[in-house]
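First the structure, in the form of structure tokens, and then the observations on it.
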Amino acid sequence: MSLAVHADKLSKVYPGPEPVTAVDGIDLEVPEGAIFGLLGPNGAGKTTTVGMCTTRVVPSSGRVTVTGLDVTEDPPMVRKRIGVVSQFNTLDRSCTVFDNVAFHCRYFGMGARPAKRRAGELLESFGLSDKASAMPETLSGGMAQRLLIVRAVAHYPELLFLDEPSAGLDPQSRIALWDVLLELHRSGTTIVLTTHYMEEADRLCQRIAIIDFGKILVCDTPEALKQQVSAETVVELKLQQPSEEVARPLRELPGVLRVELGDGVLRLFMRERDGLLPRVVEVAQPAGLRDISISEPTLETVFITLTGRALRE
Ligand SMILES: Nc1ncnc2c1ncn2[C@@H]1O[C@H](COP(=O)(O)OP(=O)(O)OP(=O)(O)O)[C@@H](O)[C@H]1O
Ligand SMILES: [Mg+2]
């Protein structure tokens with residue numbers, strides 16, 4: 001298996017009066033051809049990790065190779081092989097949609113005519129032709145994001161990095177974005193994306209690394225991650241007074257695998273739920289049961305199980 005990205009004990013400490021360890025000795029393997037997700041809450045170190053992989057942030061220690069090249073040894077060569085869509089809109093507001101793409105192609109060494117041809121073709125295939133002569137600030141959020149992707153892939157990179165590609169997009173634009181990414185993936189591009197939307201990670205990625213406080217907690221397929229919760233059903237009880245006192249008898253009910261107490265709720269991980277819910281309610285009632293919700297394990301459940309916190313604070 002060839003690796004598109006291979007990080008080995010990679011760390012970043014931002015210097016200052018109070019140095020910040022943003023990435024703390026991570027190991028990462030992204031197989032060629034995958035859609036790989038780096039999932040984590042705000043401040044987890046996602047952007048810093050992508051920054052080191054894309055030559056924008058210099059690692060403090062450890063090593064990372066991208067398409068087999070050490071990023072610190074030959075940054076210009078690495079930049080030729082990768083496309084980057086950063087967390088914030090980096091379109092050139094002083095030139096048209098078309099020129100944003102064409103200038104990018106020129107920057108990466110294409111002649112004037114091939115650059116224009118490439119820009120025209122890409123805008124066409126991404127449904128942006130009618131905006132070719134518009135200025136970037138007139139684009140909707142979804143269109144601007146699509147243009148950022150068009151520009152990032154214009155020099156035929158093998159590997160595309162996207163940092164929070166769907167942040168701030170409405171649900172419809174988000175789904176359109178997923179289609180664009182799946183299409184790029186089908187055409188052979190390896191994709192690394194960061195997100196704090198578990199649904200996005202679940203829908204798109206073949207492998208997911210969950211990152212928190214600069215450390216990778218787990219890395220696996222979405223299915224395997226959810227399996228490690230090893231429950232069929234997760235029941236959340238909102239209680240007036242969630243306490244160990246209520247948790248204890250619930251834990252003893254047959255079929256209940258685990259009970260966790262946290263942020264105003266009791267979470268029950270159950271093997272099955274047939275016949276069990278009435279008994280759960282009966283036990284929880286005296287503690288002031290306010291609400292009950294039932295779900296299947298998601299990546300959010302995995303995150304909560306690993307950290308005791310919700311992914312979206
Ligand atoms: N240039 C910098 N100088 C100092 N500290 C920084 C710098 N950039 C990031 N940090 C800190 O490093 C940590 C990780 O930040 P990073 O931006 O990598 O996280 P993130 O997972 O991308 O977060 P978000 O979801 O908010 O984008 C945070 O504590 C952040 O405040
Ligand atoms: Mg970030």
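Letters for chains follow the order of the structure tokens (A, B, ...), residue numbers begin at 1 for each chain, and ligand numbers begin at 1 in the order shown.
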Based on DSSP run over this structure's backbone, return all residues of stretch 236-277 of chain A in alpha helix (DSSP H), as a PyMOL selection string. chain A and resi 244-251+276-277
With N, CA and C atoms retained, write the just-selected residues as a short mmCIF file (atom, residue, chain, number, x, y, z; two decimals), in the first residue's frame.
data_model
loop_
_atom_site.label_atom_id
_atom_site.label_comp_id
_atom_site.auth_asym_id
_atom_site.auth_seq_id
_atom_site.Cartn_x
_atom_site.Cartn_y
_atom_site.Cartn_z
N GLU A 244 -24.53 9.49 40.43
CA GLU A 244 -24.05 8.12 40.52
C GLU A 244 -25.14 7.22 41.14
N GLU A 245 -25.95 7.81 42.01
CA GLU A 245 -27.03 7.05 42.66
C GLU A 245 -28.03 6.47 41.66
N VAL A 246 -28.35 7.26 40.63
CA VAL A 246 -29.28 6.76 39.60
C VAL A 246 -28.55 5.83 38.64
N ALA A 247 -27.29 6.17 38.39
CA ALA A 247 -26.52 5.40 37.40
C ALA A 247 -26.35 3.94 37.85
N ARG A 248 -26.16 3.77 39.14
CA ARG A 248 -25.83 2.44 39.66
C ARG A 248 -26.90 1.40 39.34
N PRO A 249 -28.17 1.62 39.74
CA PRO A 249 -29.18 0.60 39.42
C PRO A 249 -29.39 0.41 37.91
N LEU A 250 -29.18 1.49 37.14
CA LEU A 250 -29.33 1.36 35.68
C LEU A 250 -28.27 0.44 35.11
N ARG A 251 -27.08 0.57 35.67
CA ARG A 251 -25.95 -0.23 35.23
C ARG A 251 -26.22 -1.72 35.47
N LEU A 276 -36.56 -3.12 27.49
CA LEU A 276 -35.67 -2.53 28.47
C LEU A 276 -36.06 -1.10 28.83
N LEU A 277 -36.61 -0.38 27.83
CA LEU A 277 -36.88 1.04 28.06
C LEU A 277 -37.83 1.32 29.23
#
Excluding same-chain residues fewer than 3 positions from A:Arg309, what lies within 12 Å of it counting only C-alpha atoms, as a ChimeraX atom specification? /A:40-41,212,260-265,267,300-306,312-313
Any chance you can output those residues with C-alpha atoms as a PDB file, in the first residue's frame?
ATOM      1  CA  GLY A  40     -11.990  16.929  15.932  1.00  0.00           C
ATOM      2  CA  PRO A  41     -13.412  19.842  17.910  1.00  0.00           C
ATOM      3  CA  ASP A 212      -8.265  16.079  20.311  1.00  0.00           C
ATOM      4  CA  GLU A 260     -21.887   7.240  31.574  1.00  0.00           C
ATOM      5  CA  LEU A 261     -22.557  10.340  33.539  1.00  0.00           C
ATOM      6  CA  GLY A 262     -21.778  13.668  31.927  1.00  0.00           C
ATOM      7  CA  ASP A 263     -22.904  17.223  31.092  1.00  0.00           C
ATOM      8  CA  GLY A 264     -26.383  16.925  32.662  1.00  0.00           C
ATOM      9  CA  VAL A 265     -27.231  13.616  31.038  1.00  0.00           C
ATOM     10  CA  ARG A 267     -25.914   7.908  28.690  1.00  0.00           C
ATOM     11  CA  GLU A 300     -20.321  11.597  18.019  1.00  0.00           C
ATOM     12  CA  THR A 301     -20.940   8.698  20.406  1.00  0.00           C
ATOM     13  CA  VAL A 302     -17.427   7.457  19.697  1.00  0.00           C
ATOM     14  CA  PHE A 303     -16.018  10.885  20.504  1.00  0.00           C
ATOM     15  CA  ILE A 304     -18.050  11.162  23.706  1.00  0.00           C
ATOM     16  CA  THR A 305     -16.947   7.693  24.761  1.00  0.00           C
ATOM     17  CA  LEU A 306     -13.313   8.585  24.174  1.00  0.00           C
ATOM     18  CA  ARG A 312     -19.781  20.289  19.198  1.00  0.00           C
ATOM     19  CA  GLU A 313     -19.631  22.337  22.356  1.00  0.00           C
TER      20      GLU A 313
END
Produce as JSON, numbers by chain the set of residues near ligand 2, where near means within 7 Å with only C-alpha atoms and all ligand atoms considered. {"A": [42, 43, 45, 46, 47, 87, 163, 164]}
Which polymer residues have any atom within 7 Å of an atom of A:Met135, counting only C-alpha atoms, with same-chain residues fewer than 4 positions away left out, as a PyMOL selection string? chain A and resi 93+95-97
If we count only C-alpha atoms, what is near stretch 70-76 of chain A at a cut-off of 7 Å, once residues fewer than 4 positions away on the same chain are taken out, given as a PyMOL selection string? chain A and resi 53+55+64-66+80
